[in-house]
Protein chains: 2
Amino acid sequence: MEVGRARQVLLEHEIFELVREDLHGVEIAIGIESFASSDSVTPILKYLEQNCGERLRAALLLLCVRFAGGGGRMAIQLGAVVELLHAAALVHKDVINVELTRRDAASANVQCVDCKCVLAGDWLYLQAFRVALQERVLHLAIDAAQMMVMGQLIQLNRIGSIDITEANCIEVVDYKTASLFSVCGKLGAVAAGGDSLAEEKLGEFGWNLGMAFQLSNDMLDFVSRKSTSGRPAGSDLTDGKVTLPLAYALEQANASERNLVADVLRDRSYDTVSFEDVQALVDRYDGIERTRARALQFTDRARQIVAEFPDSPWQRALYTLTDLVTECNC
Amino acid sequence: MEVGRARQVLLEHEIFELVREDLHGVEIAIGIESFASSDSVTPILKYLEQNCGERLRAALLLLCVRFAGGGGRMAIQLGAVVELLHAAALVHKDVINVELTRRDAASANVQCVDCKCVLAGDWLYLQAFRVALQERVLHLAIDAAQMMVMGQLIQLNRIGSIDITEANCIEVVDYKTASLFSVCGKLGAVAAGGDSLAEEKLGEFGWNLGMAFQLSNDMLDFVSRKSTSGRPAGSDLTDGKVTLPLAYALEQANASERNLVADVLRDRSYDTVSFEDVQALVDRYDGIERTRARALQFTDRARQIVAEFPDSPWQRALYTLTDLVTECNC
């Protein structure tokens with residue numbers, strides 16, 4: 001294990017240990033909410049289990065609750081809400097990705113969409129809203145869901161396009177990822193009984209963290225063998241998506257370099273142009289470095305917000321979280 | 001135009017005329033809710049427009065509001081909620097149907113799923129919940145959505161199965177259709193400021209109406225050239241779904257008759273066994289007559305509920321509605 005990765009595991013352990021019991025409560029809450037109804041929805045649980053390793057959003061929320069001086073049952077319920085929302089968005093995103101891959105593939109040997117996934121995603125959204133309604137935070141849950149759906153729509157409308165600006169990338173990261181992180185922060189304040197200022201501050205903290213987290217994931221797709229999602233490196237581009245590291249490179253690339261990228265977007269594979277060629281292009285124009293700098297602007301802002309509060313173990317945990325998303329991911 | 005159809009058009013006109021202005025308000029509310037956000041969701045509007053001819057659920061709700069002595073802005077907003085929910089469920093159902101058809105078809109020349117449909121459905125649900133939250137009826141909207149999703153899941157789990165009982169069919173009709181009709185009745189009472197008894201009564205009225213409506217649609221699939229949805233007759237079976245008229249026939253059918261149905265379920269087409277053969281089988285065992293009798297039990301109950309209230313133009317309209325769903329549909 002390389003040093004960076006070892007440090008990441010240690011930091012993750014340190015943070016998750018602080019909210020271990022509450023996270024266990026979230027698992028139980030998700031299970032109860034999902035099992036509550038009928039045999040027909042049992043297969044849906046597999047989507048939740050597949051994703052159970054992470055629970056980053058619930059952890060963020062629970063840390064924010066403690067940071068704002070709260071705790072207890074409501075925090076756990078809200079942790080379940082954000083994980084259910086995240087799972088719902090993921091399930092529908094998977095349906096779309098499978099569909100796009102199939103349409104682009106010459107071969108018919110592409111995985112089929114499981115029809116149940118459409119309904120499973122619906123079900124997960126509805127369970128999230130049901131709990132959010134009980135806890136009187138439904139407006140925030142709907143906001144987050146609507147932002148995520150909008151983010152996917154915007155990205156879908158740009159699939160295959162090479163004319164993607166920095167602003168385009170930032171917009172998608174905001175909608176698709178940072179909006180839910182922001183709601184995690186806000187819900188943390190709400191569960192802790194904080195005032196509207198605390199809600200605003202923790203929402204802004206979460207938003208900046210989410211921006212940095214997604215940008216790091218976007219970088220990771222260019223530098224590692226496998227991205228965090230377990231997909232092969234370079235998958236964003238073969239999915240037809242130009243993310244920030246490549247968008248920065250394309251700003252300065254010449255016509256023949258742009259053509260390389262256009263080829264991959266057309267083929268949706270690295271058959272004509274190799275992934276190494278694309279990596280070299282990104283490196284040539286400092287795509288990774290510029291994206292990292294952009295991500296650090298977001299974590300700097302996140303740290304500024306945390307610094308406004310008094311020192312506590314929770315404050316240190318939130319600092320560590322900002323380290324985790326940028327320093328170790330890439 | 002045949003007599004039955006002419007009478008249907010007249011009755012429809014009579015009923016819809018009573019709530020014409022409010023229905024126009026619903027159209028505007030749906031448009032405003034859908035347009036409110038971003039260019040990216042504009043394509044979604046086509047799903048709402050495609051379905052704008054009917055607005056049966058909004059009309060039911062608006063009639064119930066008037067029947068319970070109410071009217072005004074809230075009624076119109078709630079009309080938008082039920083139509084948005086209905087549209088959301090339809091869009092996701094279409095995604096699933098296209099997917100199932102493609103999987104079963106030997107040829108690759110099957111229509112592609114439009115990826116946007118998954119997100120469009122999500123968006124429509126979310127808009128429905130947003131309005132429902134503003135109007136403080138979100139628990140009812142979530143109930144209806146969850147029942148519809150559950151109904152689709154149950155039906156999906158039984159696709160291609162010939163061992164479908166009467167109880168199975170009634171369960172699916174309940175979840176998939178009657179639950180939303182029930183919520184239309186309840187929301188009518190809520191918008192009119194009615195008490196919990198009025199909510200319960202109108203909910204029961206709506207539920208019975210919805211049961212009869214769906215059973216009539218299921219009959220129509222066997223007796224007409226085109227079902228109300230514009231699909232060719234016999235489509236339920238080639239979609240892998242055994243509905244009540246056929247379930248009744250299968251209760252008494254012999255082995256070779258069951259094999260005919262099994263062939264269609266396997267082929268998902270009338271290539272081996274003709275639709276006329278299936279129609280003859282349904283007729284032989286009075287599948288249509290028995291389903292009609294079952295539907296009339298539901299409308300009888302609906303009429304009983306309406307009869308408990310004093311005479312008014314709205315009472316007569318609700319009676320007419322019960323006539324419409326059974327007498328004219330088949």
# chains A, B, ... in the order shown; residues from 1 in each chain; ligands from 1

call {"tool": "interface_residues", "arguments": {"of": "chain A", "to": "chain B", "cutoff": "7 Å", "atoms": "only C-alpha atoms", "output": "ChimeraX atom specification"}}
result
/A:40,92,96,99,115,118-119,123,126,130,142,146,149,153-154

call {"tool": "closest_residue", "arguments": {"among": "B:Val9, B:Leu265, B:Leu209, B:Ala191", "to": "Thr299 in chain B", "atoms": "only C-alpha atoms"}}
result
B:Leu209

call {"tool": "residues_around", "arguments": {"residues": "Arg303 in chain A", "least_positions_apart": "6", "cutoff": "10 Å", "atoms": "only C-alpha atoms", "output": "list in words"}}
result
Phe205, Asn208, Leu209, Gln297, Gln315, Leu318, Tyr319, Thr320, Leu321, Thr322 and Asp323 of chain A
